[in-house]
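K.L.:
model.txt is reproduced below (compact mmCIF, C-alpha atoms).
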# COMPACT_ATOMS: atom_id res chain seq x y z
CA MET A 20 30.71 60.26 93.21
CA ALA A 21 31.61 63.95 93.06
CA ALA A 22 30.66 66.07 96.04
CA PRO A 23 27.69 68.39 95.43
CA LEU A 24 28.61 71.97 94.56
CA GLN A 25 28.29 74.31 97.52
CA MET A 26 26.65 77.72 97.54
CA THR A 27 27.22 80.61 99.91
CA PRO A 28 24.17 81.88 101.81
CA ARG A 29 23.89 84.90 99.52
CA ILE A 30 23.95 82.78 96.33
CA GLN A 31 21.57 80.23 97.85
CA ASN A 32 19.09 83.00 98.72
CA LEU A 33 19.25 84.17 95.11
CA ARG A 34 18.63 80.61 93.89
CA ASP A 35 15.63 80.26 96.18
CA ASP A 36 14.22 83.62 95.05
CA LEU A 37 14.45 82.64 91.37
CA VAL A 38 12.62 79.37 92.01
CA ARG A 39 9.85 81.18 93.93
CA ARG A 40 9.34 83.66 91.10
CA MET A 41 8.99 81.10 88.31
CA PRO A 42 5.43 79.90 87.51
CA ILE A 43 5.57 76.14 88.03
CA GLN A 44 2.38 74.09 88.23
CA LYS A 45 3.52 70.97 90.08
CA ALA A 46 4.87 71.23 93.62
CA THR A 47 7.14 68.25 92.93
CA ASP A 48 8.73 70.06 89.96
CA ARG A 49 9.30 73.18 92.07
CA THR A 50 10.83 71.10 94.87
CA LYS A 51 13.16 69.38 92.42
CA LEU A 52 14.32 72.66 90.89
CA ALA A 53 14.78 74.19 94.35
CA ALA A 54 17.39 71.53 95.12
CA GLU A 55 19.52 72.27 92.04
CA TYR A 56 22.72 74.31 91.90
CA ILE A 57 22.42 77.98 90.95
CA THR A 58 23.64 77.40 87.37
CA ASP A 59 20.93 74.81 86.63
CA VAL A 60 18.25 77.05 88.12
CA LEU A 61 19.55 80.04 86.19
CA ILE A 62 19.33 78.14 82.89
CA GLN A 63 15.64 77.51 83.53
CA TYR A 64 15.09 81.09 84.73
CA LEU A 65 16.71 82.57 81.60
CA THR A 66 14.68 80.21 79.42
CA TYR A 67 11.57 81.50 81.20
CA LYS A 68 12.44 85.20 80.99
CA ALA A 69 13.51 84.95 77.34
CA ARG A 70 10.05 83.54 76.51
CA MET A 71 8.73 86.94 77.52
CA ILE A 72 9.48 90.33 75.93
CA ARG A 73 11.05 93.03 78.05
CA ALA A 74 9.16 96.28 77.59
CA ARG A 75 11.33 98.89 75.88
CA PRO A 76 10.98 100.97 72.71
CA ARG A 77 12.08 99.00 69.65
CA THR A 78 12.37 99.74 65.96
CA VAL A 79 10.03 97.42 64.04
CA VAL A 80 11.16 95.69 60.85
CA ILE A 81 8.38 93.98 58.87
CA TRP A 82 9.37 90.97 56.74
CA PRO A 83 7.70 90.64 53.28
CA ASP A 84 6.11 87.38 54.49
CA VAL A 85 3.82 89.40 56.76
CA LEU A 86 2.44 91.50 53.92
CA SER A 87 2.03 88.51 51.61
CA SER A 88 0.30 86.33 54.22
CA PRO A 89 -3.33 85.38 53.47
CA HIS A 90 -4.14 86.56 57.01
CA TYR A 91 -2.84 90.09 56.45
CA ALA A 92 -6.00 91.52 54.85
CA ASN A 93 -8.05 90.69 57.95
CA HIS A 94 -5.36 91.59 60.50
CA HIS A 95 -3.41 94.52 59.09
CA ALA A 96 -4.92 96.78 61.77
CA ASP A 97 -3.68 94.38 64.48
CA VAL A 98 -0.22 94.36 62.94
CA ASP A 99 -0.23 98.16 62.89
CA ARG A 100 -1.37 98.26 66.54
CA LEU A 101 1.39 95.89 67.67
CA LYS A 102 3.94 97.86 65.66
CA ALA A 103 2.91 101.03 67.47
CA GLU A 104 3.05 99.25 70.85
CA PHE A 105 6.57 97.94 70.21
CA GLU A 106 7.75 101.36 69.06
CA ALA A 107 6.29 103.00 72.19
CA GLY A 108 7.78 100.40 74.53
CA ILE A 109 4.37 99.14 75.71
CA ASP A 110 4.33 95.75 77.46
CA VAL A 111 3.05 93.21 74.91
CA ASN A 112 3.39 90.06 77.02
CA ALA A 113 -0.39 89.71 77.35
CA ALA A 114 -0.37 88.73 73.66
CA LEU A 115 1.91 85.76 74.31
CA SER A 116 0.69 82.27 75.09
CA SER A 117 -0.90 82.18 78.54
CA GLN A 118 1.30 79.14 79.26
CA VAL A 119 4.23 81.45 79.93
CA ARG A 120 2.40 82.75 82.99
CA ARG A 121 1.22 79.33 84.20
CA ASN A 122 4.00 76.77 83.82
CA VAL A 123 7.55 77.25 82.57
CA TYR A 124 9.27 74.22 84.09
CA ALA A 125 8.07 70.62 83.99
CA GLY A 126 11.08 68.69 85.21
CA ASP A 127 13.37 66.45 83.20
CA LEU A 128 12.58 64.82 79.87
CA PRO A 129 9.84 62.20 80.36
CA GLN A 130 10.57 58.50 80.10
CA ARG A 131 9.24 57.05 76.88
CA THR A 132 7.08 53.98 77.43
CA SER A 133 6.50 51.23 74.88
CA ASN A 134 2.88 52.24 74.28
CA MET A 135 3.70 55.94 73.77
CA THR A 136 3.69 57.27 70.22
CA ASN A 137 6.45 59.55 69.03
CA GLU A 138 3.98 62.46 68.87
CA GLU A 139 2.86 61.83 72.47
CA TRP A 140 6.44 61.71 73.72
CA VAL A 141 7.43 64.90 71.86
CA LYS A 142 4.40 66.71 73.31
CA LYS A 143 5.37 65.66 76.85
CA ALA A 144 9.01 66.54 76.22
CA TRP A 145 8.09 70.12 75.27
CA LYS A 146 5.72 70.61 78.21
CA GLY A 147 6.72 73.75 80.10
CA LYS A 148 8.78 74.99 77.15
CA ASP A 149 8.18 77.28 74.19
CA LYS A 150 9.15 75.15 71.19
CA VAL A 151 9.28 77.95 68.62
CA ARG A 152 11.32 80.24 70.85
CA VAL A 153 13.80 77.51 71.82
CA LEU A 154 14.22 76.11 68.30
CA TYR A 155 14.01 79.29 66.22
CA ASP A 156 14.33 82.18 68.69
CA ALA A 157 10.92 83.48 67.62
CA HIS A 158 7.90 84.54 69.69
CA HIS A 159 4.28 84.15 68.66
CA LEU A 160 1.74 86.85 69.51
CA HIS A 161 -2.04 86.55 69.48
CA LEU A 162 -3.76 89.30 67.53
CA GLY A 163 -6.88 89.79 69.61
CA ALA A 164 -7.84 93.17 71.03
CA ARG A 165 -6.83 94.09 74.57
CA GLN A 166 -9.56 93.36 77.09
CA ALA A 167 -10.59 95.49 80.06
CA ASP A 168 -8.48 93.31 82.38
CA GLY A 169 -5.37 93.81 80.23
CA SER A 170 -5.46 90.37 78.63
CA VAL A 171 -5.52 89.80 74.88
CA ALA A 172 -8.27 87.81 73.18
CA ARG A 173 -7.00 84.53 71.73
CA THR A 174 -7.02 84.34 67.93
CA GLY A 175 -6.40 81.73 65.26
CA PRO A 176 -3.83 83.74 63.28
CA LEU A 177 -0.55 84.52 65.04
CA LEU A 178 2.18 87.07 64.45
CA PHE A 179 5.64 85.51 64.68
CA VAL A 180 8.26 87.95 65.93
CA GLY A 181 12.02 87.91 66.45
CA ILE A 182 13.23 90.05 69.34
CA ALA A 183 16.55 91.90 69.63
CA PRO A 184 17.47 94.51 72.26
CA ASP A 185 16.54 97.45 70.02
CA HIS A 186 14.50 95.82 67.23
CA ALA A 187 11.39 93.70 66.76
CA PHE A 188 11.30 91.70 63.53
CA PHE A 189 7.77 90.84 62.36
CA LEU A 190 8.51 87.57 60.53
CA THR A 191 5.17 86.30 59.27
CA LEU A 192 1.47 85.94 59.96
CA GLY A 193 0.63 82.28 60.44
CA ASP A 194 -1.37 80.02 62.72
CA HIS A 195 -0.77 77.18 65.15
CA ASP A 196 0.14 74.87 62.26
CA SER A 197 3.13 77.13 61.59
CA PHE A 198 4.83 75.64 64.65
CA ASP A 199 5.42 72.37 62.83
CA ASP A 200 4.85 72.84 59.09
CA GLY A 201 8.22 74.44 58.37
CA THR A 202 6.94 78.00 58.00
CA ILE A 203 9.11 79.50 60.73
CA SER A 204 12.18 77.36 60.13
CA LYS A 205 12.11 78.28 56.42
CA ILE A 206 12.08 82.00 57.22
CA MET A 207 14.92 81.66 59.73
CA TRP A 208 17.08 79.55 57.42
CA GLU A 209 16.52 81.94 54.52
CA THR A 210 17.56 84.81 56.78
CA LEU A 211 20.75 83.00 57.78
CA ASP A 212 21.48 82.09 54.15
CA ALA A 213 21.10 85.73 53.13
CA GLN A 214 23.40 86.80 55.96
CA ALA A 215 25.97 84.17 54.97
CA MET A 216 25.95 85.44 51.37
CA ALA A 217 26.33 89.03 52.56
CA ASP A 218 29.28 88.02 54.75
CA GLY A 219 30.99 86.05 51.99
CA GLY A 220 30.06 82.62 53.32
CA GLY A 221 30.81 80.96 56.64
CA ALA A 222 29.31 78.59 59.17
CA TYR A 223 26.19 79.45 61.18
CA LEU A 224 24.56 77.71 64.09
CA PRO A 225 21.01 76.42 63.56
CA PRO A 226 18.24 78.99 64.08
CA GLY A 227 17.98 79.65 67.80
CA GLY A 228 21.65 78.81 68.36
CA GLY A 229 21.24 75.09 69.04
CA VAL A 230 19.28 73.12 71.63
CA THR A 231 20.46 71.05 74.60
CA LEU A 232 19.21 67.56 75.41
CA GLY A 233 17.16 69.18 78.19
CA GLY A 234 15.18 71.23 75.67
CA THR A 235 16.79 74.57 76.45
CA LYS A 236 18.79 76.87 74.18
CA VAL A 237 22.56 76.45 74.14
CA SER A 238 22.82 80.25 74.30
CA ASP A 239 20.77 80.30 77.53
CA THR A 240 23.10 77.70 79.03
CA MET A 241 26.20 79.66 78.08
CA ALA A 242 24.64 82.89 79.38
CA ALA A 243 23.84 81.19 82.71
CA ILE A 244 27.45 80.03 83.07
CA ARG A 245 28.75 83.54 82.42
CA ILE A 246 26.29 85.11 84.86
CA VAL A 247 27.15 82.62 87.61
CA GLU A 248 30.85 83.44 87.19
CA THR A 249 29.99 87.11 87.71
CA LEU A 250 27.72 86.33 90.69
CA VAL A 251 30.43 84.30 92.42
CA ALA A 252 32.96 87.11 91.90
CA ILE A 253 30.55 89.72 93.27
CA ASP A 254 29.67 87.51 96.23
CA LYS A 255 33.35 87.07 97.07
CA MET A 256 33.96 90.82 96.77
CA LEU A 257 31.06 91.61 99.12
CA ASP A 258 32.42 89.16 101.68
CA GLU A 259 35.88 90.72 101.47
CA GLN A 260 34.26 94.13 102.07
CA ASN A 261 32.27 92.67 104.98
CA ALA A 262 29.08 93.91 103.27
CA THR A 263 26.93 91.41 105.11
CA ASP A 264 23.70 93.38 104.57
CA VAL A 265 24.03 93.51 100.75
CA SER A 266 22.01 90.96 98.79
CA ILE A 267 22.15 89.92 95.13
CA HIS A 268 19.05 89.83 92.91
CA LEU A 269 18.17 89.36 89.24
CA ASP A 270 15.79 91.64 87.34
CA TRP A 271 15.41 89.84 84.01
CA ASP A 272 19.15 89.16 83.54
CA ASP A 273 20.32 92.41 85.18
CA ILE A 274 22.36 91.74 88.32
CA VAL A 275 21.07 94.03 91.08
CA LEU A 276 22.64 94.70 94.46
CA LYS A 277 20.41 95.87 97.31
CA ASP A 278 21.18 97.06 100.81
CA GLY A 279 19.55 95.80 103.98
CA ALA A 280 16.57 98.11 103.48
CA GLY A 281 15.93 96.71 100.01
CA THR A 282 17.19 99.80 98.22
CA GLU A 283 18.99 99.24 94.92
CA ILE A 284 22.60 100.36 95.16
CA GLN A 285 24.07 98.96 91.92
CA ARG A 286 22.85 97.36 88.69
CA LEU A 287 24.82 95.48 86.03
CA GLN A 288 22.84 95.57 82.79
CA GLY A 289 22.14 92.23 81.11
CA ARG A 290 21.23 91.41 77.51
CA LEU A 291 17.50 90.73 77.65
Represent the structure from my file as structure tokens, please.

P.N.:
Amino acid sequence: MAAPLQMTPRIQNLRDDLVRRMPIQKATDRTKLAAEYITDVLIQYLTYKARMIRARPRTVVIWPDVLSSPHYANHHADVDRLKAEFEAGIDVNAALSSQVRRNVYAGDLPQRTSNMTNEEWVKKAWKGKDKVRVLYDAHHLHLGARQADGSVARTGPLLFVGIAPDHAFFLTLGDHDSFDDGTISKIMWETLDAQAMADGGGAYLPPGGGVTLGGTKVSDTMAAIRIVETLVAIDKMLDEQNATDVSIHLDWDDIVLKDGAGTEIQRLQGRL
């Protein structure tokens, strides 16, 4: 059996901080994650943060499917409001599923028992994950008005959105059936097909970039590996400089160095 990977105190403190900051319902799930190596924790942390939308001004591109949706007539004002909020860089995370603020990690894939239907097992397997975001790299926003407490009223119709650093792509207006009826996958595949034609053909990964057996995006796993390589290099550099009071933190996927007083002294910008 291979020896467990070791972490320096600085990297271990970062790992512990990430676990504390993630909303996890079950204490047993949190304890399990807290015992994992930094890379495994970082994969779950990036999966969590990528479910949310970092507030920054974005150019909005509206797909034709939004305008042709049967829901558009009743919700065009909501679409216009969200467009304005994205363009102004207003935080829109209140419009996401409330699950993202309650539980984003539910342990390993569940064991399938003989009396469990396929639908029951799939539902358990996706617990603590955002299926549409992981599979298709799309977010779904509720269209209700903002309440006095900052929350957004839940609605039947949903706006499906693709997020890039400087753009928000309004893909379609659908509902909760759109998760599974092929609506989102069809839009994403058509987009990739159009891109392939424009580029003269070529191979493309599935929408979302592929999914691991653990129900996370391959791209999140690869990003975590790259970030850990950077963290280890920074940690080694700080030790060589005898900077014992400098700690390493993550703000979204930005790597942030702070001095002993908690003051930020350096930031390496991430991609989220």

K.L.:
So how many Å separate CA of Ile81 in chain A and CA of Phe188 in chain A, to one decimal?

P.N.:
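Computing it gives 6.0 Å between the two atoms.
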
K.L.:
Looking at all atoms listed in the file, which of A:Arg34, A:Arg75, A:Ser87, A:Thr282 is the one that sits closest to Ala54 in chain A?

P.N.:
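That would be A:Arg34, the residue with the smallest distance to Ala54 in chain A.
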
K.L.:
If you measure from CA of Gly193 in chain A to CA of Pro176 in chain A, what distance in Å do you get, rounded to one decimal?

P.N.:
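Interatomic distance, CA of Gly193 in chain A to CA of Pro176 in chain A: 5.5 Å.
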
K.L.:
Measuring atom to atom with only C-alpha atoms, identify which of A:His186, A:His94, A:Arg120, A:Arg245 is nearest to Thr174 in chain A.

P.N.:
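Ranking A:His186, A:His94, A:Arg120, A:Arg245 by distance to Thr174 in chain A, first place goes to A:His94.
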
K.L.:
Name the closest residue to Ala96 in chain A among the candidates A:Pro83, A:Ala113, A:Gln260, A:Gly163; distances are taken between atoms, counting only C-alpha atoms.

P.N.:
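Smallest distance to Ala96 in chain A is found for A:Gly163.
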
K.L.:
Leaving out Leu178 in chain A and any residue of its chain fewer than 4 positions from it, which residues lie within 10 Å of it when counting all atoms listed in the file, given as a ChimeraX atom specification?

P.N.:
/A:85,90-91,94,97-98,101,114-115,157-162,189-194

K.L.:
Rank A:Ile267, A:Ala103, A:Ile109, A:Ala187 by their smallest atom-to-atom distance to Pro28 in chain A, using all atoms listed in the file, and report the top residue only.

P.N.:
A:Ile267
